[in-house]
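Written below as structure tokens is the structure these notes are about.
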Amino acid sequence: MGVTSELFTNVLIPWQRVLFTASLLTCWLLSTTASVTIQSPKHVVEGENILLQVDNLPENLLAFAWYRGLINWRLTIALHFLDYSTSMTGPEHSDREILYSNGSLWIQNVTQEDTGYYIFQTISNHGELESNTSTFLQVYSSHFTCGRPSFPAKLTIESVPPRVAEGGRVLLRVHNLPEYLQLFFWYKGVIMIHKVEIVRHRTLKNLSDPGPAHSGREIVFSNGSLLLQNVTWKDTGFYTLQTVNGFREMELAHIYLQVETPCCDPLDSAQLRIDPVTPHAAEGESVLLQVHNLPEDLQTFSWYKGVDSTPSFQIVEYSKAMKSIISGSAYSRREIGYTNGSLLLQDVTEKDSGLYTLVTIDSNMRVETVHVQVNIYSK
């Protein structure tokens with residue numbers, strides 16, 4: 001896996017330049033014709049060995065690389081130079097990964113800390129970004145039931161009611177709290193820092209401590225749910241639940257709360273919104289994310305899995321100029337995008353639970369972003 005200092009000087013530095021340039025331009029130059037796909041196992045238990053298998057690797061490549069979470073040199077696992085048939089390890093390499101010449105990545109003796117997004121990037125012979133493809137790896141703890149691994153249901157949050165008006169109350173109801181729960185936190189936003197902590201709850205003592213973001217209008221329950229009372233438009237936004245069990249295993253769940261304000265402007269009634277048809281679906285069913293009130297002069301829209309509207313999480317993109325809908329890095333072949341903005345999720349699994357983000361851009365370059373929560377339950 002090593003290289004000589006001469007090769008490092010002559011090859012790594014140009015690669016870093018390419019990598020830096022590609023990282024800056026990723027959100028603008030991602031190939032719309034990329035067909036690279038990654039096959040990853042669905043149920044992985046700690047201690048197993050897994051293969052992130054790359055298919056449809058482009059020809060005439062200069063190099064390819066694997067990253068952990070984001071495209072950043074400090075998060076590089078490994079990279080491979082095809083002209084030299086040489087691989088190099090990056091800062092995120094743990095000595096448990098093996099990179100193959102076909103792009104696939106072998107990870108040995110996985111742990112729960114390996115859970116997360118993995119990004120595979122290819123660079124053409126001309127030094128241009130060819131493709132970015134991402135996959136999410138979920139590693140479960142090695143708890144066994146009747147000799148077989150037990151896969152806990154995914155932690156999710158449901159808004160009851162789905163929409164709330166100013167002055168009303170809404171319950172952020174939690175489903176599938178982990179076993180042996182010891183501690184959980186609620187945060188305002190998606191970043192888990194102390195200044196946006198609403199409350200923390202210790203289950204063994206059944207004791208709750210308000211945080212800096214607690215307004216006096218929140219009530220937390222021992223089942224993890226959070227009640228918001230007398231809500232205002234300022235309560236609109238993301239909320240994050242973090243749980244910690246007795247094995248120090250952590251889980252996260254997010255939800256986006258929309259507080260509706262009194263309609264004083266007739267244009268407000270035409271606000272962009274998403275209505276999930278069958279918002280609580282069982283595995284194997286279909287869910288339609290139905291969009292209302294697209295901008296009249298719409299130029300493009302994109303759907304993303306999660307809260308991060310970056311190319312690595314893009315499902316589909318529509319271009320009015322091209323009169324086409326193209327697939328993104330997070331496309332799984334089970335999604336159908338429509339020109340009216342709606343997105344159909346087919347044959348859903350629990351891994352499809354979570355937030356989806358729609359971003360629209362009109363002819364004046366005005367950007368609108370809306371989110372929707374999808375909950376999928378096992379039958």
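Here, A, B, ... name the chains of the structure tokens in the order displayed, residue numbers run from 1 inside each chain, and ligands are numbered from 1 in the same displayed order.
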
Quick one: pick out all strand (DSSP E or B) residues within stretch 223-252 of chain A from a backbone DSSP run and write them as a PyMOL selection string. chain A and resi 226-228+237-245+250-252

Give me the residues of stretch 103-218 of chain A that have any atom at most 12 Å from an atom of stretch 355-360 of chain A; for each, the nearest atom pair and the distance in Å, rounded to one decimal. Use only C-alpha atoms, sort by chain and number, and format it as JSON lines.
```
{"residue": "A:Thr156", "atom": "CA", "partner": "A:Leu355", "partner_atom": "CA", "distance": 10.2}
{"residue": "A:Ile157", "atom": "CA", "partner": "A:Leu355", "partner_atom": "CA", "distance": 10.2}
{"residue": "A:Glu158", "atom": "CA", "partner": "A:Leu355", "partner_atom": "CA", "distance": 11.1}
{"residue": "A:Val190", "atom": "CA", "partner": "A:Leu355", "partner_atom": "CA", "distance": 11.7}
```

Non-local contacts of stretch 290-300 of chain A (10 Å; only C-alpha atoms; under 2 positions in same chain excluded) as number ranges by chain: A: 269-277, 287-288, 302, 317-325, 338-344, 358-368, 370

So which residues of stretch 9-216 of chain A fall under helix (DSSP H, G or I) by DSSP, listed as a ChimeraX atom specification? /A:9-29,73-75,112-114,194-196

Residue with the minimum atom-to-atom distance to A:Ile315, picked from A:Asp95, A:Lys234, A:Thr89, A:Thr133 with only C-alpha atoms counted, is A:Thr133

Can you tell me, as number ranges by chain, what residues are no more than 12 Å from A:Thr111 when counting only C-alpha atoms, ignoring any on the same chain fewer than 4 positions away? A: 44-50, 94, 96, 107, 115-116, 137-142, 249

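Atom CA of A:Asn60 to atom CA of A:Leu79 spans 15.9 Å [interatomic distance, one decimal].
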
With only C-alpha atoms as the atoms that count, which of A:Phe64, A:Phe301, A:Ala78, A:Leu289 lies nearest to A:Glu335? A:Leu289

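Distance annotation: of A:Thr243, A:Thr135, A:Ser312, A:Asn206, the residue with the minimal separation from A:Glu179 is A:Thr243; atom set is only C-alpha atoms.
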
Which of these, A:Val220, A:Val259, A:Ala153, A:Ile336, has the shortest distance to A:Phe185 once you count only C-alpha atoms? A:Val220

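The space separating atom CA of A:Ile119 from atom CA of A:Leu70 comes to 7.1 Å.
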
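The environment of A:Ser124 within 10 Å, counting only C-alpha atoms and disregarding residues fewer than 6 places along the same chain, consists of Pro58, Glu59, Asn60, Leu61, Leu62, Ala63, Phe64, Glu130 and Ser131 of chain A.
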
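Atom CA of A:Asn176 is positioned 16.9 Å from atom CA of A:Phe247.
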